[in-house]
$ cat target24.txt   # compact mmCIF, C-alpha atoms
# COMPACT_ATOMS: atom_id res chain seq x y z
CA GLY A 1 -85.35 5.32 183.17
CA VAL A 2 -83.62 5.14 186.53
CA GLN A 3 -80.88 7.71 187.09
CA CYS A 4 -77.35 6.53 187.79
CA GLU A 5 -75.63 7.28 191.06
CA SER A 6 -72.83 9.82 191.39
CA GLY A 7 -69.40 8.23 191.82
CA PHE A 8 -66.41 6.68 190.06
CA TYR A 9 -67.05 4.55 186.95
CA ILE A 10 -64.92 2.34 184.72
CA SER A 11 -65.56 1.34 181.12
CA ARG A 12 -66.99 -2.12 180.49
CA ARG A 13 -64.86 -2.60 177.36
CA LYS A 14 -61.29 -1.74 176.64
CA ILE A 15 -60.75 1.44 174.62
CA ALA A 16 -57.36 1.71 172.87
CA GLY A 17 -56.10 -1.21 174.95
CA ARG A 18 -57.17 0.06 178.38
CA ARG A 19 -60.23 0.58 180.54
CA LEU A 20 -61.03 4.24 181.12
CA ILE A 21 -61.92 5.62 184.56
CA MET A 22 -63.97 8.73 185.21
CA PHE A 23 -66.09 10.49 187.81
CA ALA A 24 -69.78 11.12 187.02
CA GLN A 25 -72.11 13.40 188.95
CA ARG A 26 -75.84 13.87 188.66
CA LYS A 27 -76.81 17.08 186.93
CA VAL A 28 -80.00 17.38 189.00
CA GLU A 29 -80.01 15.87 192.45
CA LYS A 30 -83.11 14.05 193.67
CA GLU A 31 -84.98 16.34 196.04
CA ASP A 32 -88.54 16.44 197.25
CA GLU A 33 -89.05 20.10 196.33
CA ILE A 34 -87.97 19.62 192.68
CA ASP A 35 -89.76 17.59 190.04
CA ARG A 36 -86.62 15.93 188.67
CA ASP A 37 -88.45 14.03 185.93
CA PHE A 38 -89.77 17.30 184.53
CA ILE A 39 -86.50 19.26 184.76
CA ASP A 40 -84.17 16.46 183.67
CA PRO A 41 -86.14 13.77 181.78
CA LEU A 42 -82.94 12.20 180.33
CA ASN A 43 -81.23 11.89 183.76
CA LEU A 44 -78.04 13.55 182.54
CA MET A 45 -74.66 12.99 184.18
CA ILE A 46 -71.72 15.43 184.30
CA ILE A 47 -68.45 13.66 183.44
CA SER A 48 -64.89 14.43 184.60
CA ARG A 49 -61.82 12.50 183.43
CA PRO A 50 -58.29 12.49 184.93
CA ASN A 51 -56.62 13.60 181.68
CA THR A 52 -59.11 16.06 180.11
CA GLY A 53 -60.98 17.32 183.17
CA LYS A 54 -64.65 18.26 183.00
CA ASN A 55 -66.30 17.23 179.76
CA PRO A 56 -68.55 19.89 178.15
CA CYS A 57 -70.80 17.11 176.79
CA GLU A 58 -73.12 15.38 179.22
CA MET A 59 -74.13 11.71 179.13
CA THR A 60 -77.53 10.17 179.73
CA SER A 61 -78.00 7.56 182.45
CA GLN A 62 -79.04 4.96 179.89
CA GLU A 63 -75.81 5.38 177.95
CA MET A 64 -73.84 5.43 181.19
CA ARG A 65 -75.18 2.05 182.31
CA TYR A 66 -74.51 0.55 178.86
CA LYS A 67 -70.87 1.71 178.60
CA TYR A 68 -69.64 1.95 182.20
CA LYS A 69 -70.05 0.20 185.53
CA LEU A 70 -69.95 1.72 189.00
CA LEU A 71 -66.81 1.25 191.15
CA VAL A 72 -67.77 3.29 194.20
CA SER A 73 -70.62 5.74 194.72
CA SER A 74 -70.37 9.19 196.25
CA LEU A 75 -72.79 8.14 198.98
CA ASP A 76 -70.44 5.33 200.08
CA LEU A 77 -67.51 7.78 200.10
CA LEU A 78 -69.43 10.26 202.22
CA GLN A 79 -70.57 7.63 204.69
CA HIS A 80 -67.03 6.29 205.05
CA ILE A 81 -65.61 9.76 205.71
CA GLN A 82 -68.29 10.47 208.32
CA SER A 83 -67.60 7.15 210.05
CA VAL A 84 -63.86 7.82 210.16
CA ILE A 85 -64.35 11.28 211.61
CA GLY A 86 -66.78 9.87 214.16
CA ASP A 87 -64.27 7.27 215.28
CA VAL A 88 -61.60 9.91 215.78
CA LEU A 89 -63.88 12.19 217.75
CA SER A 90 -65.32 9.48 219.97
CA ASP A 91 -62.16 7.42 220.61
CA ALA A 92 -64.30 5.39 223.00
CA GLU A 93 -61.86 2.55 223.44
CA GLY A 94 -58.98 4.88 224.34
CA GLU A 95 -56.41 2.96 222.34
CA GLU A 96 -53.35 4.83 221.23
CA LYS A 97 -53.06 5.15 217.44
CA SER A 98 -49.95 5.64 215.41
CA GLU A 99 -49.19 8.93 213.66
CA LYS A 100 -49.95 7.35 210.29
CA ASP A 101 -53.41 6.22 211.40
CA LYS A 102 -54.15 9.63 212.91
CA ALA A 103 -53.10 11.40 209.70
CA GLN A 104 -55.28 9.07 207.63
CA SER A 105 -58.18 9.72 209.96
CA ARG A 106 -57.84 13.51 209.73
CA ASP A 107 -57.43 13.62 205.92
CA ALA A 108 -60.52 12.53 203.97
CA LEU A 109 -58.50 11.86 200.82
CA SER A 110 -56.11 9.60 202.67
CA ALA A 111 -59.03 7.70 204.18
CA ILE A 112 -60.50 7.12 200.73
CA ARG A 113 -57.18 6.02 199.29
CA PHE A 114 -56.67 3.65 202.20
CA LYS A 115 -59.98 1.82 201.64
CA TRP A 116 -60.36 2.12 197.84
CA GLY A 117 -56.75 1.91 196.80
CA THR A 118 -57.57 0.27 193.45
CA VAL A 119 -59.79 3.16 192.34
CA ALA A 120 -57.23 5.74 193.45
CA GLY A 121 -54.43 3.84 191.70
CA ARG A 122 -56.34 3.75 188.38
CA TRP A 123 -57.03 7.49 188.59
CA ASP A 124 -53.39 8.35 189.36
CA GLU A 125 -52.10 6.07 186.61
CA ALA A 126 -54.35 7.71 183.99
CA TYR A 127 -53.31 11.15 185.19
CA ASP A 128 -49.59 10.41 184.96
CA SER A 129 -49.87 8.60 181.61
CA SER A 130 -51.53 11.63 179.99
CA ASN A 131 -48.89 14.13 181.10
CA PHE A 132 -47.70 14.60 177.50
CA MET A 133 -48.40 16.82 174.51
CA ASP A 134 -49.42 13.91 172.25
CA HIS A 135 -51.65 10.87 172.65
CA ASN A 136 -49.99 8.29 174.86
CA ASP A 137 -51.12 4.81 175.90
CA GLY A 138 -54.66 5.35 174.60
CA LEU A 139 -55.20 8.62 176.47
CA ALA A 140 -55.70 12.15 175.18
CA PRO A 141 -52.89 14.58 176.07
CA ARG A 142 -53.26 16.71 179.16
CA ILE A 143 -50.78 19.36 177.98
CA SER A 144 -51.30 21.49 174.86
CA LYS A 145 -49.23 24.19 173.19
CA ILE A 146 -50.93 27.54 172.59
CA GLY A 147 -49.53 30.39 170.52
CA LEU A 148 -50.49 34.00 171.33
CA ILE A 149 -49.79 37.12 169.27
CA THR A 150 -49.65 40.14 171.60
CA GLY A 151 -49.16 43.85 171.10
CA ALA A 152 -50.63 46.01 168.34
CA VAL A 153 -52.35 43.51 166.04
CA LEU A 154 -55.07 45.57 164.35
CA HIS A 155 -52.93 46.39 161.30
CA ILE A 156 -52.03 42.71 160.72
CA LEU A 157 -55.50 41.18 161.10
CA PRO A 158 -55.82 40.58 157.32
CA SER A 159 -52.45 38.78 157.38
CA LEU A 160 -53.62 36.61 160.29
CA GLU A 161 -56.79 35.63 158.45
CA LYS A 162 -54.86 34.74 155.28
CA ALA A 163 -52.38 32.66 157.26
CA VAL A 164 -55.06 30.39 158.77
CA GLN A 165 -57.59 30.24 155.92
CA PHE A 166 -56.28 26.84 154.73
CA MET A 167 -55.80 25.40 158.22
CA PRO A 168 -58.19 22.85 159.83
CA HIS A 169 -61.42 24.22 161.21
CA SER A 170 -60.30 23.80 164.82
CA GLN A 171 -57.21 25.99 164.19
CA ARG A 172 -58.88 28.52 161.91
CA SER A 173 -60.70 30.57 164.54
CA LEU A 174 -58.92 33.73 165.76
CA ARG A 175 -60.10 34.62 169.25
CA VAL A 176 -58.77 36.72 172.08
CA MET A 177 -57.43 34.74 175.05
CA ARG A 178 -55.99 35.58 178.43
CA VAL A 179 -53.49 33.17 179.98
CA GLU A 180 -51.58 33.16 183.22
CA VAL A 181 -48.03 31.86 183.47
CA SER A 182 -47.91 29.31 186.27
CA ASP A 183 -44.29 30.03 187.26
CA SER A 184 -44.38 33.82 187.52
CA GLY A 185 -48.14 34.48 187.66
CA GLN A 186 -47.91 36.94 184.77
CA ARG A 187 -51.09 37.43 182.73
CA ILE A 188 -50.85 37.73 178.95
CA VAL A 189 -53.62 38.82 176.58
CA GLY A 190 -53.39 38.12 172.87
CA ILE A 191 -54.92 36.46 169.81
CA LYS A 192 -54.74 32.67 169.69
CA PHE A 193 -52.73 31.49 166.69
CA PRO A 194 -51.65 27.97 165.62
CA VAL A 195 -47.97 27.19 166.25
CA THR A 196 -47.43 25.07 163.16
CA GLU A 197 -44.54 25.92 160.81
CA GLU A 198 -46.89 26.40 157.88
CA ALA A 199 -49.03 28.98 159.68
CA ILE A 200 -46.03 30.84 161.06
CA GLY A 201 -44.39 30.95 157.61
CA ARG A 202 -47.50 32.42 156.02
CA LEU A 203 -47.79 34.95 158.80
CA MET A 204 -44.18 36.09 158.35
CA SER A 205 -44.67 36.58 154.59
CA GLY A 206 -47.82 38.59 155.26
CA MET A 207 -45.99 40.69 157.83
CA LYS A 208 -43.33 41.54 155.24
CA GLU A 209 -45.99 42.76 152.81
CA VAL A 210 -47.55 44.94 155.51
CA ALA A 211 -44.14 46.35 156.46
CA ASN A 212 -43.34 47.23 152.82
CA ALA A 213 -46.71 48.91 152.39
CA ARG A 214 -46.26 50.95 155.57
CA GLN A 215 -42.64 51.88 154.88
CA ASP A 216 -43.47 55.06 152.94
CA SER A 217 -46.04 56.24 155.46
CA LEU A 218 -43.90 55.90 158.59
CA GLY A 219 -42.37 59.40 158.28
CA SER A 220 -45.69 61.15 157.60
CA PRO A 221 -48.04 62.06 160.45
CA SER A 222 -50.74 59.55 161.22
CA PHE A 223 -53.51 62.17 161.30
CA ILE A 224 -54.48 65.46 159.61
CA ASP A 225 -56.02 68.33 161.59
CA GLU A 226 -58.66 69.83 159.29
CA PRO A 227 -60.54 73.09 160.05
CA PHE A 228 -64.28 73.11 160.61
CA SER A 229 -66.33 73.57 157.45
CA PRO A 230 -68.79 76.53 157.34
CA ILE A 231 -72.40 75.94 158.23
CA ASP A 232 -74.76 75.53 155.29
CA GLU A 233 -77.73 77.87 155.73
CA LYS A 234 -80.05 75.63 153.75
CA VAL A 235 -79.24 72.66 155.95
CA LYS A 236 -79.55 74.82 159.06
CA SER A 237 -83.03 76.05 158.08
CA TRP A 238 -84.12 72.51 157.27
CA ALA A 239 -82.87 71.27 160.65
CA THR A 240 -84.49 74.11 162.67
CA THR A 241 -87.86 74.17 160.84
CA GLU A 242 -90.67 72.29 162.50
CA ARG A 243 -91.75 69.25 160.57
CA LYS A 244 -95.22 69.31 159.04
CA THR A 245 -97.75 66.72 160.01
CA MET A 246 -101.00 65.72 158.32
CA LYS A 247 -102.98 67.86 160.74
CA SER A 248 -100.84 70.98 160.46
CA PHE A 249 -100.57 70.75 156.65
CA PHE A 250 -104.33 70.53 155.96
CA GLY A 251 -105.13 72.98 158.74
CA ALA A 252 -102.99 75.67 157.11
CA ALA A 253 -104.52 75.02 153.67
CA SER A 254 -108.11 75.26 154.96
CA SER A 255 -107.42 78.53 156.83
CA LYS A 256 -106.04 80.15 153.64
CA THR A 257 -109.13 79.08 151.65
CA HIS A 258 -111.57 80.51 154.22
CA GLY A 259 -109.72 83.82 154.27
CA LYS A 260 -109.95 84.28 150.49
CA THR A 261 -113.68 83.45 150.31
CA ASN A 262 -114.51 86.04 152.99
CA VAL A 263 -112.72 88.72 151.01
CA ASN A 264 -114.73 87.94 147.88
CA ASN A 265 -118.00 88.04 149.78
CA SER A 266 -117.20 91.43 151.26
CA SER A 267 -116.28 92.83 147.84
CA SER A 268 -119.46 91.55 146.23
CA SER A 269 -121.66 93.10 148.94
CA GLY A 270 -120.13 96.56 148.32
CA ASP A 271 -120.37 98.60 145.15
CA ILE A 272 -122.41 96.71 142.54
CA SER A 273 -121.17 98.82 139.60
CA LYS A 274 -117.64 97.54 140.05
CA PRO A 275 -117.09 94.23 138.33
CA ALA A 276 -116.27 91.41 140.71
CA LYS A 277 -112.83 89.92 140.35
CA PHE A 278 -112.62 86.24 139.55
CA ASN A 279 -111.06 84.26 142.35
CA LYS A 280 -109.11 81.25 141.19
CA THR A 281 -109.41 79.61 144.54
CA MET A 282 -113.24 79.69 144.52
CA PRO A 283 -114.66 76.20 144.18
CA PHE A 284 -116.75 75.46 141.09
CA VAL A 285 -120.45 74.91 141.90
CA TYR A 286 -122.46 72.74 139.56
CA PRO A 287 -126.04 73.95 138.67
CA PRO A 288 -128.82 72.03 140.42
CA LEU A 289 -130.14 69.07 138.49
CA LYS A 290 -133.76 69.22 137.35
CA LYS A 291 -136.21 66.47 138.01
CA THR A 292 -137.30 64.12 135.23
CA SER A 293 -140.97 65.21 135.51
CA GLU A 294 -140.01 68.83 134.88
CA LYS A 295 -137.95 67.81 131.85
CA LYS A 296 -140.95 65.95 130.35
CA GLN A 297 -143.26 68.96 130.83
CA GLN A 298 -140.81 71.30 129.12
CA SER A 299 -140.41 68.97 126.14
CA ILE A 300 -144.20 68.63 125.75
CA SER A 301 -144.81 72.40 125.88
CA SER A 302 -142.17 73.05 123.25
CA LYS A 303 -143.71 70.57 120.74
CA GLY A 304 -147.30 71.88 120.99
CA PRO A 305 -150.61 70.05 121.76
CA VAL A 306 -150.42 66.37 122.23
CA LYS A 307 -152.50 64.16 119.93
CA LYS A 308 -154.25 61.16 121.31
CA LYS A 309 -153.16 57.92 119.79
CA ALA A 310 -155.82 55.53 118.49
CA LYS A 311 -156.11 52.36 120.38
CA THR A 312 -155.02 49.31 118.46
CA ALA A 313 -157.71 46.64 118.21
CA SER A 314 -156.98 43.22 119.53
CA ILE A 315 -157.60 40.01 117.55
CA SER A 316 -160.72 39.07 119.52
CA SER A 317 -162.30 42.47 119.17
CA PHE A 318 -161.51 42.66 115.45
CA PHE A 319 -163.18 39.38 114.56
CA GLY A 320 -166.03 40.03 116.98
CA LYS A 321 -167.11 43.16 115.07
CA LYS A 322 -167.15 41.28 111.75
CA SER A 323 -169.25 38.46 113.07
CA SER A 324 -171.87 40.86 114.50
CA SER A 325 -172.26 42.62 111.19
$ encode --input "target24.txt" --output "structure tokens"
Amino acid sequence: GVQCESGFYISRRKIAGRRLIMFAQRKVEKEDEIDRDFIDPLNLMIISRPNTGKNPCEMTSQEMRYKYKLLVSSLDLLQHIQSVIGDVLSDAEGEEKSEKDKAQSRDALSAIRFKWGTVAGRWDEAYDSSNFMDHNDGLAPRISKIGLITGAVLHILPSLEKAVQFMPHSQRSLRVMRVEVSDSGQRIVGIKFPVTEEAIGRLMSGMKEVANARQDSLGSPSFIDEPFSPIDEKVKSWATTERKTMKSFFGAASSKTHGKTNVNNSSSSGDISKPAKFNKTMPFVYPPLKKTSEKKQQSISSKGPVKKKAKTASISSFFGKKSSS
């Protein structure tokens, strides 16, 4: 679909009794060098509201056109500012302007408010109406209360988790936050904790249990300086010995076998009268297998002369002899 323009929008229907105003900006601007349809096929818009600021969730252009209508586009605002600045710089007519007109001409915000006073009034009214800690007049609160637990908190982390385990999911997460005090500029780092009475009461009861458990160990030292244990020789030899690989293991075994066979050969070639010692490492050699023809000849020679077997007469030959006789 067609992408919406950047600018100020207002809701088509009333929400909680009022029409909501917001500023929407294109996520991907239309440029010749960028294929916008490929990068942003949904034509997303970045939304900012006067009470909650920038919304982390983006809105498609199709949904934007269905729910909101455009009041003034960013292109119209930019063109108006450029025209006002051009009139001030040119001053072709030479007419004297009042101080109020000159101030409005120099300040872009004042120039916008002067021409689009209705849009500026709606934005200011929504901003002022949300300056509370609770929902007011159909608007989400702009001020929220945050509790931080600072200092040494590692020993009470189990108590913190127990205190918030039955809280809503939005208040159950314990995360580290850094805040800055607007009045003094002081920065504080701590763990975010809900400020409800129920959570604080559970935390205080858990803190009492931790304090009672640590009461007996406060006077004792927090660490023990132990001497170094002696080195185990077996572990030392195992750590300093080179690891065997497949190649080194079988190479060492084959070299030992060759050495023993050479010794046996040298001993057998010496004095014949001395009996040769049996080497356990010598491989067993099977006797050569004889051929089947040789086996048949040996069996025939052992039995004696072979008698010729009489040929058995066939049926045709048997009856043929009788008929001739």
$ closest_residue --input "target24.txt" --among "A:Leu139, A:Ile39, A:Ala111, A:Leu160" --to "Arg18 of chain A" --atoms "all atoms listed in the file"
A:Leu139
$ atom_distance --input "target24.txt" --atom1 "atom CA of Tyr68 of chain A" --atom2 "atom CA of Ile10 of chain A"
5.4 Å
$ atom_distance --input "target24.txt" --atom1 "atom CA of Gly17 of chain A" --atom2 "atom CA of Arg122 of chain A"
14.3 Å
$ residues_around --input "target24.txt" --residues "Met133 of chain A" --least-positions-apart "6" --cutoff "9 Å" --atoms "all atoms listed in the file" --output "list in words"
Ala140, Pro141, Arg142, Ile143, Ser144 and Lys145 of chain A
$ atom_distance --input "target24.txt" --atom1 "atom CA of Val210 of chain A" --atom2 "atom CA of Ser170 of chain A"
26.4 Å
$ axis_aligned_box --input "target24.txt" --around "segment 175-182 of chain A" --padding-each-side "6 Å" --output "AutoDock Vina command-line options"
--center_x -54.0 --center_y 33.0 --center_z 177.8 --size_x 24.2 --size_y 19.4 --size_z 29.0
$ residues_around --input "target24.txt" --residues "Arg19 of chain A" --least-positions-apart "6" --cutoff "12 Å" --atoms "only C-alpha atoms" --output "list of chain:residue names"
A:Tyr9, A:Ile10, A:Ser11, A:Arg12, A:Arg13, A:Lys67, A:Tyr68, A:Lys69, A:Arg122, A:Trp123, A:Glu125, A:Ala126, A:Asp137, A:Gly138, A:Leu139
$ closest_residue --input "target24.txt" --among "A:Ala211, A:Ala120, A:Ile85, A:Ile146" --to "Phe193 of chain A" --atoms "all atoms listed in the file"
A:Ile146
